[in-house]
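Asks: Please find one structure pasted underneath; my questions will follow.
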Amino acid sequence: MASSSCIITIDGPAGTGKSTVARLLADRLGMDCLDTGSLYRAVSVLALETGTDPEDGPALATLARDVDLRFDWTQDPPAMYIGDRDVSSRIRDLDVSSVVSPVARQPELRSVLNEVQRTVAKRRPRLVTEGRDQGSVVFPDADVRFFLDAEEEIRTQRRSLQMARRGDKVDDDAIRTDIRRRDEIDRSRATAPLVQPEGSILVDSTHLTLEEVVDCMADHVERIMHTTQGES
Ligand code: DC
């Protein structure tokens with residue numbers, strides 16, 4: 001693929017393997033990969049530390065504006081930093097996961113983090129970016145936009161396996177309930193709800209392996225970029 005700018009978005013609900021797929025696709029295409037959920041998680045860490053109400057949008061926006069939210073691109077996957085502090089591991093803790101949905105619902109914070117994401121794309125213009133609103137709100141003019149979905153039961157099993165591999169205690173019912181709760185919040189919120197962006201490509205990974213999903217997406221990207229280059 002040519003080395004000019006190219007933005008690929010992947011949106012979808014929790015447990016579809018978006019982060020892994022995005023990383024593998026970016027590696028395959030020689031691009032960078034942005035996990036936008038990390039930004040919402042980093043602000044959740046700040047909220048917990050400062051005792052900020054996860055429903056207080058203006059206060060969260062101020063917290064996010066007052067720090068340097070950045071990535072260390074020399075690491076794979078890129079490490080999430082708040083200023084000089086590496087929070088890559090901290091952002092995956094359970095207390096953070098349990099406040100991130102209300103945090104991510106706040107429009108004031110979303111507009112601050114949208115700008116952070118667009119700045120990343122300016123600096124790293126060959127980017128696979130994943131989240132809930134990348135193709136619908138943040139990069140509606142992206143070169144290729146995907147919506148990755150899978151049946152709820154499969155998503156539960158995958159998350160359960162991922163946690164077991166990490167050595168965490170696994171309770172499938174609790175995982176299913178958490179996935180359902182987060183989907184409900186993400187899909188029903190007023191600002192940037194999780195939707196399949198119009199004109200995006202739906203990839204249902206229910207019956208596909210990770211490799212098959214990445215192959216399928218890479219084929220779409222090749223085809224679309226080839227067609228676009230042919231037109232210009
Ligand atoms: O993908 P994740 O589980 O790390 O995302 C954490 C939370 O942030 C989840 O509640 C969805 C939300 N999020 C969002 O609202 N918009 C994004 N672009 C990325 C994540």
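Order determines the names: the first chain of the structure tokens is A, the second B, and so forth; residues in each chain are numbered 1 upward, and ligands are numbered 1 upward as they are shown.
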List every residue of region 118-206 of chain A that has an atom at most 12 Å from any atom of region 104-107 of chain A, giving for each one its closest atom pair and the distance in Å to one decimal, counting only C-alpha atoms, sorted by chain and then by ascending residue number, as CSV.
Replies:
residue,atom,partner,partner_atom,distance
A:Gly131,CA,A:Ala104,CA,11.1
A:Arg132,CA,A:Ala104,CA,10.2
A:Asp133,CA,A:Ala104,CA,11.1
A:Arg182,CA,A:Ala104,CA,10.7
A:Glu184,CA,A:Arg105,CA,11.7
A:Ile185,CA,A:Arg105,CA,8.0
A:Asp186,CA,A:Arg105,CA,7.6
A:Arg187,CA,A:Arg105,CA,10.3
A:Ser188,CA,A:Arg105,CA,9.6
A:Arg189,CA,A:Arg105,CA,6.3
A:Ala190,CA,A:Arg105,CA,7.8
A:Thr191,CA,A:Pro107,CA,5.9
A:Ala192,CA,A:Pro107,CA,8.3
A:Pro193,CA,A:Arg105,CA,8.6
A:Leu194,CA,A:Arg105,CA,10.9
Asks: Neighbours of Asp66 (chain A) within 12 Å (only C-alpha atoms; same-chain residues fewer than 3 positions away dropped), as a PyMOL selection string?
Replies: chain A and resi 43+46+59-63+69+82-83+112
Asks: Next, write the just-selected residues to a file, as a PDB file, in the first residue's frame, keeping N, CA and C atoms as the atom set.
Replies:
ATOM      1  N   VAL A  43      -8.937   8.706  31.749  1.00  0.00           N
ATOM      2  CA  VAL A  43      -9.687   9.756  32.460  1.00  0.00           C
ATOM      3  C   VAL A  43     -10.440   9.153  33.647  1.00  0.00           C
ATOM      4  N   LEU A  46      -8.101   9.063  36.500  1.00  0.00           N
ATOM      5  CA  LEU A  46      -7.994  10.397  37.123  1.00  0.00           C
ATOM      6  C   LEU A  46      -9.217  10.696  37.984  1.00  0.00           C
ATOM      7  N   ALA A  59     -16.410  18.635  34.815  1.00  0.00           N
ATOM      8  CA  ALA A  59     -15.224  18.368  35.657  1.00  0.00           C
ATOM      9  C   ALA A  59     -14.297  17.357  34.987  1.00  0.00           C
ATOM     10  N   LEU A  60     -14.879  16.341  34.347  1.00  0.00           N
ATOM     11  CA  LEU A  60     -14.058  15.341  33.650  1.00  0.00           C
ATOM     12  C   LEU A  60     -13.326  15.978  32.473  1.00  0.00           C
ATOM     13  N   ALA A  61     -14.029  16.871  31.770  1.00  0.00           N
ATOM     14  CA  ALA A  61     -13.399  17.557  30.626  1.00  0.00           C
ATOM     15  C   ALA A  61     -12.212  18.379  31.101  1.00  0.00           C
ATOM     16  N   THR A  62     -12.369  19.035  32.251  1.00  0.00           N
ATOM     17  CA  THR A  62     -11.266  19.837  32.808  1.00  0.00           C
ATOM     18  C   THR A  62     -10.100  18.931  33.188  1.00  0.00           C
ATOM     19  N   LEU A  63     -10.414  17.795  33.833  1.00  0.00           N
ATOM     20  CA  LEU A  63      -9.347  16.846  34.192  1.00  0.00           C
ATOM     21  C   LEU A  63      -8.560  16.433  32.945  1.00  0.00           C
ATOM     22  N   LEU A  69      -2.459  13.623  27.852  1.00  0.00           N
ATOM     23  CA  LEU A  69      -2.822  12.228  27.561  1.00  0.00           C
ATOM     24  C   LEU A  69      -2.086  11.840  26.289  1.00  0.00           C
ATOM     25  N   ILE A  82      -0.330   9.182  31.255  1.00  0.00           N
ATOM     26  CA  ILE A  82      -0.876  10.453  31.734  1.00  0.00           C
ATOM     27  C   ILE A  82       0.362  11.229  32.149  1.00  0.00           C
ATOM     28  N   GLY A  83       0.719  12.232  31.384  1.00  0.00           N
ATOM     29  CA  GLY A  83       2.000  12.915  31.635  1.00  0.00           C
ATOM     30  C   GLY A  83       3.134  11.912  31.536  1.00  0.00           C
ATOM     31  N   VAL A 112     -13.548  16.749  24.198  1.00  0.00           N
ATOM     32  CA  VAL A 112     -12.104  16.917  24.464  1.00  0.00           C
ATOM     33  C   VAL A 112     -11.333  15.724  23.878  1.00  0.00           C
TER      34      VAL A 112
END
Asks: Output the neighbourhood of ligand 1 as a ChimeraX atom specification, that is, all protein and nucleic acid residues with some atom at most 10 Å from the ligand, counting only C-alpha atoms and all ligand atoms.
Replies: /A:10-19,34-42,44,91-92,96-106,110,113-114,117,129-138,179,181-187,189,191-194
Asks: So what do you get for CA of Ala64 (chain A) versus CA of Ala47 (chain A), distance-wise?
Replies: 9.6 Å
Asks: Write out as a ChimeraX atom specification all residues of chain A that DSSP puts in helix (DSSP H, G or I) for this structure's backbone.
Replies: /A:18-29,37-50,57-65,90-92,94-104,107-123,134-138,152-165,172-188,210-231
Asks: In Å to one decimal, how far is CA of Asp32 (chain A) from CA of Val120 (chain A)?
Replies: 10.2 Å
Asks: Could you check which of A:Met217, A:Leu210, A:Met163, A:Met225 is closest to Asp93 (chain A), using only C-alpha atoms?
Replies: A:Met163
